[in-house]
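Structure data follow from protein16.pdb (PDB, C-alpha atoms, pLDDT in the B column):
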ATOM      1  CA  MET P   1      19.602  31.584 -18.426  1.00 67.00           C
ATOM      2  CA  THR P   2      20.930  31.067 -14.912  1.00 79.00           C
ATOM      3  CA  LYS P   3      23.104  28.074 -14.129  1.00 84.00           C
ATOM      4  CA  PRO P   4      21.182  25.300 -12.313  1.00 85.00           C
ATOM      5  CA  VAL P   5      22.147  24.551  -8.715  1.00 87.00           C
ATOM      6  CA  TYR P   6      22.526  20.831  -9.508  1.00 87.00           C
ATOM      7  CA  ARG P   7      23.911  19.280 -12.663  1.00 89.00           C
ATOM      8  CA  ARG P   8      22.231  15.929 -12.148  1.00 91.00           C
ATOM      9  CA  VAL P   9      19.157  15.022 -10.101  1.00 92.00           C
ATOM     10  CA  VAL P  10      17.070  11.976  -9.264  1.00 93.00           C
ATOM     11  CA  VAL P  11      13.309  12.533  -9.278  1.00 94.00           C
ATOM     12  CA  LYS P  12      10.780  10.126  -7.781  1.00 95.00           C
ATOM     13  CA  VAL P  13       7.459   9.802  -9.611  1.00 96.00           C
ATOM     14  CA  SER P  14       5.105   7.668  -7.581  1.00 95.00           C
ATOM     15  CA  GLY P  15       2.649   5.341  -9.228  1.00 95.00           C
ATOM     16  CA  GLU P  16      -0.110   7.211  -7.409  1.00 94.00           C
ATOM     17  CA  ALA P  17       0.924  10.422  -9.192  1.00 96.00           C
ATOM     18  CA  LEU P  18       0.331   8.700 -12.546  1.00 97.00           C
ATOM     19  CA  MET P  19      -3.303   7.918 -11.596  1.00 96.00           C
ATOM     20  CA  GLY P  20      -4.288  11.576 -11.675  1.00 95.00           C
ATOM     21  CA  PRO P  21      -7.954  11.759 -10.644  1.00 96.00           C
ATOM     22  CA  ASP P  22      -8.519   8.045 -11.338  1.00 96.00           C
ATOM     23  CA  SER P  23      -8.440   5.331  -8.684  1.00 94.00           C
ATOM     24  CA  PHE P  24      -6.314   2.875 -10.684  1.00 95.00           C
ATOM     25  CA  GLY P  25      -3.969   2.769 -13.656  1.00 97.00           C
ATOM     26  CA  ILE P  26      -2.501   5.589 -15.710  1.00 98.00           C
ATOM     27  CA  HIS P  27      -4.362   8.819 -16.453  1.00 98.00           C
ATOM     28  CA  GLN P  28      -3.017   9.871 -19.870  1.00 98.00           C
ATOM     29  CA  PRO P  29      -3.321  13.672 -19.431  1.00 98.00           C
ATOM     30  CA  THR P  30      -1.488  13.411 -16.089  1.00 97.00           C
ATOM     31  CA  LEU P  31       1.211  11.226 -17.644  1.00 98.00           C
ATOM     32  CA  GLU P  32       1.713  13.780 -20.427  1.00 98.00           C
ATOM     33  CA  ARG P  33       1.852  16.691 -17.949  1.00 97.00           C
ATOM     34  CA  ILE P  34       4.462  14.927 -15.813  1.00 97.00           C
ATOM     35  CA  ALA P  35       6.488  14.178 -18.955  1.00 98.00           C
ATOM     36  CA  ALA P  36       6.277  17.849 -19.992  1.00 97.00           C
ATOM     37  CA  ASP P  37       7.381  18.994 -16.512  1.00 96.00           C
ATOM     38  CA  LEU P  38      10.369  16.629 -16.574  1.00 97.00           C
ATOM     39  CA  ILE P  39      11.362  17.781 -20.065  1.00 97.00           C
ATOM     40  CA  ALA P  40      11.089  21.448 -19.059  1.00 95.00           C
ATOM     41  CA  SER P  41      13.387  20.768 -16.105  1.00 93.00           C
ATOM     42  CA  GLN P  42      15.907  18.950 -18.271  1.00 95.00           C
ATOM     43  CA  ARG P  43      15.929  21.826 -20.767  1.00 94.00           C
ATOM     44  CA  LEU P  44      17.162  24.080 -17.947  1.00 93.00           C
ATOM     45  CA  GLY P  45      20.433  22.142 -18.136  1.00 93.00           C
ATOM     46  CA  VAL P  46      19.824  19.448 -15.540  1.00 92.00           C
ATOM     47  CA  ALA P  47      20.411  15.759 -16.307  1.00 94.00           C
ATOM     48  CA  ILE P  48      17.468  13.811 -14.871  1.00 95.00           C
ATOM     49  CA  ALA P  49      17.085  10.221 -13.750  1.00 96.00           C
ATOM     50  CA  VAL P  50      13.535   9.292 -12.746  1.00 96.00           C
ATOM     51  CA  VAL P  51      12.687   6.551 -10.259  1.00 96.00           C
ATOM     52  CA  VAL P  52       9.193   5.328 -11.122  1.00 96.00           C
ATOM     53  CA  GLY P  53       6.850   3.720  -8.609  1.00 96.00           C
ATOM     54  CA  GLY P  54       4.151   1.140  -9.290  1.00 96.00           C
ATOM     55  CA  GLY P  55       1.479   1.696  -6.631  1.00 94.00           C
ATOM     56  CA  ASN P  56      -1.137   2.723  -9.177  1.00 96.00           C
ATOM     57  CA  ILE P  57      -1.080  -0.820 -10.563  1.00 96.00           C
ATOM     58  CA  PHE P  58       0.082  -3.106  -7.774  1.00 93.00           C
ATOM     59  CA  ARG P  59       1.297  -3.008  -4.162  1.00 86.00           C
ATOM     60  CA  GLY P  60       3.181  -6.076  -3.017  1.00 81.00           C
ATOM     61  CA  VAL P  61       2.652  -5.367   0.662  1.00 78.00           C
ATOM     62  CA  ASN P  62      -1.144  -5.317   0.160  1.00 84.00           C
ATOM     63  CA  VAL P  63      -1.354  -8.726  -1.519  1.00 86.00           C
ATOM     64  CA  SER P  64       0.976 -10.262   1.044  1.00 80.00           C
ATOM     65  CA  GLU P  65      -1.731  -9.527   3.633  1.00 84.00           C
ATOM     66  CA  LYS P  66      -4.088 -11.695   1.556  1.00 88.00           C
ATOM     67  CA  GLY P  67      -1.900 -14.788   1.385  1.00 91.00           C
ATOM     68  CA  ILE P  68       0.708 -14.284  -1.351  1.00 93.00           C
ATOM     69  CA  ALA P  69       4.261 -14.464  -0.037  1.00 94.00           C
ATOM     70  CA  ARG P  70       5.640 -10.968   0.618  1.00 92.00           C
ATOM     71  CA  ALA P  71       8.696 -11.532  -1.597  1.00 93.00           C
ATOM     72  CA  THR P  72       6.458 -12.667  -4.474  1.00 94.00           C
ATOM     73  CA  GLY P  73       4.151  -9.689  -4.001  1.00 94.00           C
ATOM     74  CA  ASP P  74       7.108  -7.309  -4.002  1.00 94.00           C
ATOM     75  CA  MET P  75       8.420  -8.824  -7.239  1.00 95.00           C
ATOM     76  CA  MET P  76       4.991  -8.309  -8.803  1.00 95.00           C
ATOM     77  CA  GLY P  77       5.155  -4.666  -7.667  1.00 95.00           C
ATOM     78  CA  MET P  78       8.559  -4.326  -9.349  1.00 96.00           C
ATOM     79  CA  LEU P  79       6.966  -5.399 -12.615  1.00 97.00           C
ATOM     80  CA  ALA P  80       4.369  -2.632 -12.165  1.00 97.00           C
ATOM     81  CA  THR P  81       7.194  -0.070 -11.949  1.00 97.00           C
ATOM     82  CA  VAL P  82       8.523  -1.310 -15.286  1.00 98.00           C
ATOM     83  CA  MET P  83       5.101  -0.857 -16.900  1.00 98.00           C
ATOM     84  CA  ASN P  84       4.862   2.706 -15.554  1.00 98.00           C
ATOM     85  CA  ALA P  85       8.418   3.539 -16.653  1.00 98.00           C
ATOM     86  CA  LEU P  86       7.666   2.337 -20.179  1.00 98.00           C
ATOM     87  CA  ALA P  87       4.503   4.483 -20.278  1.00 98.00           C
ATOM     88  CA  LEU P  88       6.456   7.533 -19.069  1.00 98.00           C
ATOM     89  CA  GLU P  89       9.281   6.818 -21.532  1.00 98.00           C
ATOM     90  CA  GLY P  90       6.733   6.771 -24.355  1.00 98.00           C
ATOM     91  CA  ALA P  91       5.209  10.079 -23.229  1.00 98.00           C
ATOM     92  CA  ILE P  92       8.640  11.723 -22.942  1.00 98.00           C
ATOM     93  CA  GLU P  93       9.713  10.523 -26.384  1.00 98.00           C
ATOM     94  CA  LYS P  94       6.370  11.548 -27.917  1.00 98.00           C
ATOM     95  CA  ALA P  95       7.043  15.045 -26.539  1.00 98.00           C
ATOM     96  CA  GLY P  96      10.423  15.128 -28.291  1.00 97.00           C
ATOM     97  CA  LEU P  97      13.111  14.047 -25.814  1.00 98.00           C
ATOM     98  CA  ALA P  98      15.065  10.795 -25.962  1.00 98.00           C
ATOM     99  CA  ALA P  99      14.554   8.577 -22.910  1.00 98.00           C
ATOM    100  CA  ARG P 100      15.711   5.130 -21.790  1.00 98.00           C
ATOM    101  CA  THR P 101      14.075   2.782 -19.319  1.00 98.00           C
ATOM    102  CA  MET P 102      16.590   0.800 -17.287  1.00 98.00           C
ATOM    103  CA  SER P 103      15.492  -1.922 -14.905  1.00 98.00           C
ATOM    104  CA  ALA P 104      17.031  -3.613 -11.885  1.00 96.00           C
ATOM    105  CA  LEU P 105      15.287  -6.738 -13.212  1.00 96.00           C
ATOM    106  CA  THR P 106      16.798  -8.194 -16.362  1.00 96.00           C
ATOM    107  CA  MET P 107      14.302  -8.235 -19.232  1.00 97.00           C
ATOM    108  CA  PRO P 108      16.249  -7.472 -22.427  1.00 96.00           C
ATOM    109  CA  GLU P 109      13.265  -7.657 -24.762  1.00 97.00           C
ATOM    110  CA  VAL P 110      11.518  -4.918 -22.765  1.00 97.00           C
ATOM    111  CA  CYS P 111      14.174  -2.486 -21.524  1.00 98.00           C
ATOM    112  CA  GLU P 112      17.857  -2.168 -20.704  1.00 98.00           C
ATOM    113  CA  ALA P 113      19.277  -3.720 -17.568  1.00 98.00           C
ATOM    114  CA  TYR P 114      20.491  -1.067 -15.129  1.00 96.00           C
ATOM    115  CA  GLU P 115      24.240  -0.580 -15.300  1.00 95.00           C
ATOM    116  CA  ARG P 116      25.697   2.533 -13.678  1.00 92.00           C
ATOM    117  CA  ARG P 117      28.158   3.520 -16.417  1.00 94.00           C
ATOM    118  CA  ARG P 118      25.566   3.066 -19.135  1.00 96.00           C
ATOM    119  CA  ALA P 119      23.051   5.184 -17.181  1.00 95.00           C
ATOM    120  CA  LEU P 120      25.626   7.945 -16.810  1.00 94.00           C
ATOM    121  CA  ARG P 121      26.410   7.747 -20.530  1.00 97.00           C
ATOM    122  CA  HIS P 122      22.711   8.131 -21.375  1.00 97.00           C
ATOM    123  CA  LEU P 123      22.522  11.180 -19.103  1.00 96.00           C
ATOM    124  CA  GLU P 124      25.653  12.709 -20.646  1.00 95.00           C
ATOM    125  CA  GLN P 125      24.143  12.229 -24.112  1.00 97.00           C
ATOM    126  CA  GLY P 126      21.067  14.223 -23.096  1.00 97.00           C
ATOM    127  CA  ARG P 127      18.690  11.309 -22.605  1.00 98.00           C
ATOM    128  CA  MET P 128      16.380  11.080 -19.628  1.00 98.00           C
ATOM    129  CA  VAL P 129      16.869   7.818 -17.712  1.00 98.00           C
ATOM    130  CA  LEU P 130      13.859   6.072 -16.175  1.00 98.00           C
ATOM    131  CA  LEU P 131      14.773   3.665 -13.376  1.00 97.00           C
ATOM    132  CA  ALA P 132      12.372   0.751 -12.945  1.00 97.00           C
ATOM    133  CA  GLY P 133      12.211  -2.502 -11.025  1.00 96.00           C
ATOM    134  CA  GLY P 134      13.028  -0.910  -7.683  1.00 94.00           C
ATOM    135  CA  THR P 135      16.287  -2.200  -6.247  1.00 94.00           C
ATOM    136  CA  GLY P 136      15.609  -5.629  -7.720  1.00 95.00           C
ATOM    137  CA  ASN P 137      15.165  -6.980  -4.193  1.00 94.00           C
ATOM    138  CA  PRO P 138      11.978  -7.625  -2.228  1.00 93.00           C
ATOM    139  CA  PHE P 139      11.234  -5.722   1.007  1.00 91.00           C
ATOM    140  CA  PHE P 140      12.533  -2.383  -0.363  1.00 91.00           C
ATOM    141  CA  THR P 141      10.415   0.480  -1.694  1.00 88.00           C
ATOM    142  CA  THR P 142      11.159   2.729  -4.638  1.00 88.00           C
ATOM    143  CA  ASP P 143      12.015   5.410  -2.051  1.00 86.00           C
ATOM    144  CA  THR P 144      15.036   3.236  -1.240  1.00 87.00           C
ATOM    145  CA  THR P 145      15.810   3.067  -4.953  1.00 86.00           C
ATOM    146  CA  CYS P 146      15.796   6.855  -5.088  1.00 84.00           C
ATOM    147  CA  GLY P 147      18.421   7.068  -2.361  1.00 81.00           C
ATOM    148  CA  VAL P 148      20.585   4.399  -3.961  1.00 83.00           C
ATOM    149  CA  ALA P 149      20.297   6.018  -7.410  1.00 80.00           C
ATOM    150  CA  SER P 150      21.224   9.460  -6.120  1.00 74.00           C
ATOM    151  CA  GLY P 151      24.374   7.983  -4.621  1.00 71.00           C
ATOM    152  CA  ARG P 152      25.261   5.984  -7.734  1.00 62.00           C
ATOM    153  CA  ASN P 153      24.699   8.773 -10.237  1.00 50.00           C
ATOM    154  CA  ARG P 154      26.919  11.372  -8.643  1.00 54.00           C
ATOM    155  CA  ARG P 155      30.628  11.821  -9.098  1.00 53.00           C
ATOM    156  CA  ARG P 156      33.348  12.754  -6.605  1.00 40.00           C
ATOM    157  CA  GLY P 157      32.755  15.958  -4.712  1.00 33.00           C
ATOM    158  CA  GLY P 158      28.966  15.837  -4.970  1.00 30.00           C
ATOM    159  CA  ALA P 159      27.266  15.766  -1.581  1.00 28.00           C
ATOM    160  CA  GLN P 160      23.767  16.341  -2.944  1.00 48.00           C
ATOM    161  CA  GLY P 161      23.085  12.579  -3.153  1.00 40.00           C
ATOM    162  CA  ASP P 162      23.742  12.161   0.555  1.00 35.00           C
ATOM    163  CA  ARG P 163      21.366  14.984   1.413  1.00 35.00           C
ATOM    164  CA  ARG P 164      18.627  13.429  -0.657  1.00 38.00           C
ATOM    165  CA  ARG P 165      19.072  10.073   0.998  1.00 36.00           C
ATOM    166  CA  ARG P 166      18.632  11.570   4.466  1.00 38.00           C
ATOM    167  CA  ASN P 167      15.518  13.429   3.316  1.00 41.00           C
ATOM    168  CA  LEU P 168      14.100  10.256   1.774  1.00 38.00           C
ATOM    169  CA  GLN P 169      14.623   8.316   4.987  1.00 38.00           C
ATOM    170  CA  ARG P 170      12.773  11.011   6.905  1.00 37.00           C
ATOM    171  CA  ARG P 171       9.879  11.041   4.418  1.00 41.00           C
ATOM    172  CA  SER P 172       9.545   7.272   4.257  1.00 39.00           C
ATOM    173  CA  GLU P 173       9.276   7.073   8.063  1.00 39.00           C
ATOM    174  CA  GLU P 174       6.239   9.363   7.814  1.00 42.00           C
ATOM    175  CA  GLY P 175       4.694   7.215   5.082  1.00 43.00           C
ATOM    176  CA  PRO P 176       4.082   7.848   1.387  1.00 47.00           C
ATOM    177  CA  GLU P 177       2.142  10.920   0.373  1.00 46.00           C
ATOM    178  CA  ARG P 178       0.082  11.356  -2.769  1.00 39.00           C
ATOM    179  CA  GLN P 179       1.775  14.233  -4.553  1.00 34.00           C
ATOM    180  CA  THR P 180       2.355  15.185  -8.147  1.00 34.00           C
ATOM    181  CA  LEU P 181       5.318  17.123  -9.519  1.00 33.00           C
TER     182      LEU P 181
END
Starting from the file, lay out its structure as structure tokens.
Amino acid sequence: MTKPVYRRVVVKVSGEALMGPDSFGIHQPTLERIAADLIASQRLGVAIAVVVGGGNIFRGVNVSEKGIARATGDMMGMLATVMNALALEGAIEKAGLAARTMSALTMPEVCEAYERRRALRHLEQGRMVLLAGGTGNPFFTTDTTCGVASGRNRRRGGAQGDRRRRNLQRRSEEGPERQTL
């Protein structure tokens, strides 16, 4: 087997990707296929952290146009990312790989709170880490979370996180696209 180019990567799975052909929610066959793709990538020797979106369930910016305060709508969207991360964690574990959902929002009965050193420890122990709750702040998308996570989860000498952040900024200016892995 060839050595992977990167040792550790951050992958963004949008909520829209989890819908598959449906117009709302989680399409189970699509969820299982995404889980299988992530596991196959990890088995190549790459530690993977996954930022999970929530647009298949809820979009804070959309409800803010209907009268709910934008910050409240964004917090509701963050909860949707936690639901999706838990669904993806279940699919990954069902397929045979240990996974941990970590959230920027503290909810100890549901998942672990995000803490950088603990996330790195999970990755080093071969677990896939699912990052939920966005940045924990309103007015930021999960694309922002992806850039922040790529910077946090790298060690000295790794410029790949910076490259990803620039690419994410460019993509987010063009708007989100519906793509699967």
### Message
Could you tell me how far CA of Phe140 (chain P) sits from CA of Arg70 (chain P), in Å to one decimal place?
### Response
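Here the two named atoms are 11.1 Å from each other.
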### Query
Selected by the PyMOL selection byres ((chain P and resi 59) around 10) in the shown coordinates: which residues, as a ChimeraX atom specification?
/P:15,53-58,60-64,73-78,80
### Task
Tell me, as a list in words, which residues lie within 9 Å of region 24-37 of chain P, counting all atoms listed in the file; anything in the same chain fewer than 6 positions away does not count.
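The residues satisfying every condition are Val13, Gly15, Glu16, Ala17, Leu18, Gly55, Asn56, Ile57, Asn84, Ala87, Leu88, Glu89, Ala91, Ile92, Glu93, Ala95, Thr180 and Leu181 of chain P.
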Kindly save the residues from that selection, with C-alpha atoms included, as an mmCIF file, in the coordinates of the input.
data_model
loop_
_atom_site.group_PDB
_atom_site.id
_atom_site.type_symbol
_atom_site.label_atom_id
_atom_site.label_comp_id
_atom_site.auth_asym_id
_atom_site.auth_seq_id
_atom_site.Cartn_x
_atom_site.Cartn_y
_atom_site.Cartn_z
ATOM 1 C CA VAL P 13 7.459 9.802 -9.611
ATOM 2 C CA GLY P 15 2.649 5.341 -9.228
ATOM 3 C CA GLU P 16 -0.110 7.211 -7.409
ATOM 4 C CA ALA P 17 0.924 10.422 -9.192
ATOM 5 C CA LEU P 18 0.331 8.700 -12.546
ATOM 6 C CA GLY P 55 1.479 1.696 -6.631
ATOM 7 C CA ASN P 56 -1.137 2.723 -9.177
ATOM 8 C CA ILE P 57 -1.080 -0.820 -10.563
ATOM 9 C CA ASN P 84 4.862 2.706 -15.554
ATOM 10 C CA ALA P 87 4.503 4.483 -20.278
ATOM 11 C CA LEU P 88 6.456 7.533 -19.069
ATOM 12 C CA GLU P 89 9.281 6.818 -21.532
ATOM 13 C CA ALA P 91 5.209 10.079 -23.229
ATOM 14 C CA ILE P 92 8.640 11.723 -22.942
ATOM 15 C CA GLU P 93 9.713 10.523 -26.384
ATOM 16 C CA ALA P 95 7.043 15.045 -26.539
ATOM 17 C CA THR P 180 2.355 15.185 -8.147
ATOM 18 C CA LEU P 181 5.318 17.123 -9.519
#
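The residues returned by the PyMOL selection byres ((chain P and resi 101) around 7) on the shown structure are Ala85, Leu86, Glu89, Ala99, Arg100, Met102, Ser103, Cys111, Glu112, Val129, Leu130, Leu131 and Ala132 of chain P.
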### Task
For Phe139 (chain P), list every protein, DNA or RNA residue within 7 Å, evaluated using all atoms listed in the file, and leave out those in the same chain fewer than 2 positions away; present the list as a ChimeraX atom specification.
/P:71,74,137,141
### Query
How many Å lie between CA of Ile68 (chain P) and CA of Val51 (chain P), rounded to one decimal?
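Computing it gives 25.6 Å between the two atoms.
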### Shortest interatomic distance to Gly151 (chain P) - which of P:Arg116, P:Leu79, P:His122, P:Gln42, counting only C-alpha atoms
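Ranked by minimum distance to Gly151 (chain P), first place goes to P:Arg116.
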### Task
Find the distance between CA of Ile48 (chain P) and CA of Leu123 (chain P) and write it in Å to one decimal.
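Those two atoms sit 7.1 Å apart.
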### Message
Applying the PyMOL selection byres ((chain P and resi 8) around 8) to the file I just gave you, which residues come out? Please list them as a list of chain:residue names.
### Response
P:Tyr6, P:Arg7, P:Val9, P:Val10, P:Val46, P:Ala47, P:Ile48, P:Ala49, P:Asn153, P:Arg154
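Nearest residue to Arg127 (chain P), choosing from P:Gly20, P:Gly96, P:Pro4, P:Gly67 and counting only C-alpha atoms: P:Gly96.
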